[in-house]
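Comments concern the structure below.
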Amino acid sequence: MSSSSDFSDADADNGHKESLFAKIEAQAQERREQDEKAGSGRNLDSILRIPVLMQVVLGSATMPVANLMKLGRGAIVPLDHRVGEPVDVVVNGRVIARGEVVVVEDDNSRFGVSLTEIVGPASADSNG
């Protein structure tokens, strides 16, 4: 009988060890997840600091090289956009928004864009 009780004591010890091991493993996993979250925060900060080229497109024109060569000071190039039409806001070659040209309140010698529409990803792909 003593061997039988020794066996159950051993089982109890193994069960306790497995329980402790499971707790330690769970804590280690939790720490890894916290480290990953902290790491992704650092990665996100790095990504948020990447510079992008933002342009506001007032319009465009197509002309033969011969006409381009004739342009000089004071020449007017008609664009395909009309006054009052929204302008495209382009980031790294993709249209991301549209807006209206405005005069910046703090500095009347500068223009800005008041965004009127944010372009969704599907539209950006077809416009970019």
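Naming works like this for the structure tokens: A, B, ... for the chains as they're shown, residue 1 at the start of each chain, ligands 1 onward in shown order.
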### Task
Write down as an NGL selection string the residues belonging to region 44-95 of chain A that are assigned strand (DSSP E or B) by DSSP computed on the backbone.
:A and (54-57 or 87-91 or 94-95)
### Message
What's around Glu85 (chain A) at 12 Å? Count only C-alpha atoms, leave out sequence neighbours fewer than 6 positions away in its own chain, and write the answer as a list of chain:residue names.
### Response
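The neighbour list is A:Val57, A:Leu58, A:Gly59, A:Leu79, A:Arg98, A:Gly99, A:Glu100, A:Val101, A:Thr116.
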Keeping only N, CA and C atoms, write the selected residues to a file as a PDB file, in the first residue's frame.
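Everything below was put into part-v5.pdb:
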```pdb
ATOM      1  N   VAL A  57      -2.749  69.239 -56.410  1.00  0.00           N
ATOM      2  CA  VAL A  57      -2.762  69.377 -57.866  1.00  0.00           C
ATOM      3  C   VAL A  57      -3.898  70.314 -58.257  1.00  0.00           C
ATOM      4  N   LEU A  58      -3.516  71.484 -58.754  1.00  0.00           N
ATOM      5  CA  LEU A  58      -4.510  72.452 -59.209  1.00  0.00           C
ATOM      6  C   LEU A  58      -5.100  72.057 -60.552  1.00  0.00           C
ATOM      7  N   GLY A  59      -4.352  71.304 -61.308  1.00  0.00           N
ATOM      8  CA  GLY A  59      -4.796  70.879 -62.624  1.00  0.00           C
ATOM      9  C   GLY A  59      -3.602  70.444 -63.442  1.00  0.00           C
ATOM     10  N   LEU A  79      -5.334  75.101 -67.514  1.00  0.00           N
ATOM     11  CA  LEU A  79      -5.369  73.794 -66.867  1.00  0.00           C
ATOM     12  C   LEU A  79      -6.721  73.146 -67.082  1.00  0.00           C
ATOM     13  N   ARG A  98      -9.618  65.377 -51.549  1.00  0.00           N
ATOM     14  CA  ARG A  98      -9.910  66.518 -52.417  1.00  0.00           C
ATOM     15  C   ARG A  98     -10.288  67.688 -51.522  1.00  0.00           C
ATOM     16  N   GLY A  99     -10.101  68.883 -52.037  1.00  0.00           N
ATOM     17  CA  GLY A  99     -10.411  70.035 -51.207  1.00  0.00           C
ATOM     18  C   GLY A  99     -10.491  71.312 -52.006  1.00  0.00           C
ATOM     19  N   GLU A 100     -10.695  72.401 -51.265  1.00  0.00           N
ATOM     20  CA  GLU A 100     -10.804  73.730 -51.870  1.00  0.00           C
ATOM     21  C   GLU A 100      -9.595  74.561 -51.475  1.00  0.00           C
ATOM     22  N   VAL A 101      -9.091  75.333 -52.419  1.00  0.00           N
ATOM     23  CA  VAL A 101      -7.972  76.216 -52.129  1.00  0.00           C
ATOM     24  C   VAL A 101      -8.483  77.379 -51.282  1.00  0.00           C
ATOM     25  N   THR A 116     -12.356  68.583 -48.310  1.00  0.00           N
ATOM     26  CA  THR A 116     -13.803  68.393 -48.417  1.00  0.00           C
ATOM     27  C   THR A 116     -14.181  66.930 -48.584  1.00  0.00           C
TER      28      THR A 116
END
```
### Query
Using only C-alpha atoms, which residue out of A:Asp106, A:Gln55, A:Ser46, A:Met63 lies closest to Arg94 (chain A)?
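Of the candidates, the smallest distance to Arg94 (chain A) is held by A:Gln55.
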### Message
Report, in Å with one decimal, the straight-line distance from CA of Val104 (chain A) to CA of Asp45 (chain A).
### Response
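So the two atoms, CA of Val104 (chain A) and CA of Asp45 (chain A), lie 29.5 Å apart.
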Within 12 Å of Thr62 (chain A), counting only C-alpha atoms, which residues show up once you throw out same-chain ones fewer than 6 positions away? Write them as a PDB file with C-alpha atoms, in the first residue's frame, please.
```
ATOM      1  CA  LEU A  68       6.079  74.000 -74.661  1.00  0.00           C
ATOM      2  CA  VAL A  77      -1.137  77.653 -69.559  1.00  0.00           C
ATOM      3  CA  PRO A  78      -4.816  76.697 -69.268  1.00  0.00           C
ATOM      4  CA  LEU A  79      -5.369  73.794 -66.867  1.00  0.00           C
ATOM      5  CA  ASP A  80      -8.026  71.113 -67.042  1.00  0.00           C
TER       6      ASP A  80
END
```
### Task
Can you work out the spacing between CA of Val83 (chain A) and CA of Ala61 (chain A) in Å, to one decimal?
14.9 Å
### Query
Distance CA of Glu117 (chain A)-CA of Leu48 (chain A), one decimal place?
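Taking CA of Glu117 (chain A) and CA of Leu48 (chain A), their separation equals 22.6 Å.
Candidate residues A:Gln29, A:Ile24, A:Leu53, A:Asn108 were compared for distance to Val91 (chain A), and the nearest is A:Leu53, using only C-alpha atoms.
Minimum distance to Asn92 (chain A) across A:Ala26, A:Met54, A:Leu20, A:Arg49 (counting only C-alpha atoms) occurs at A:Met54.
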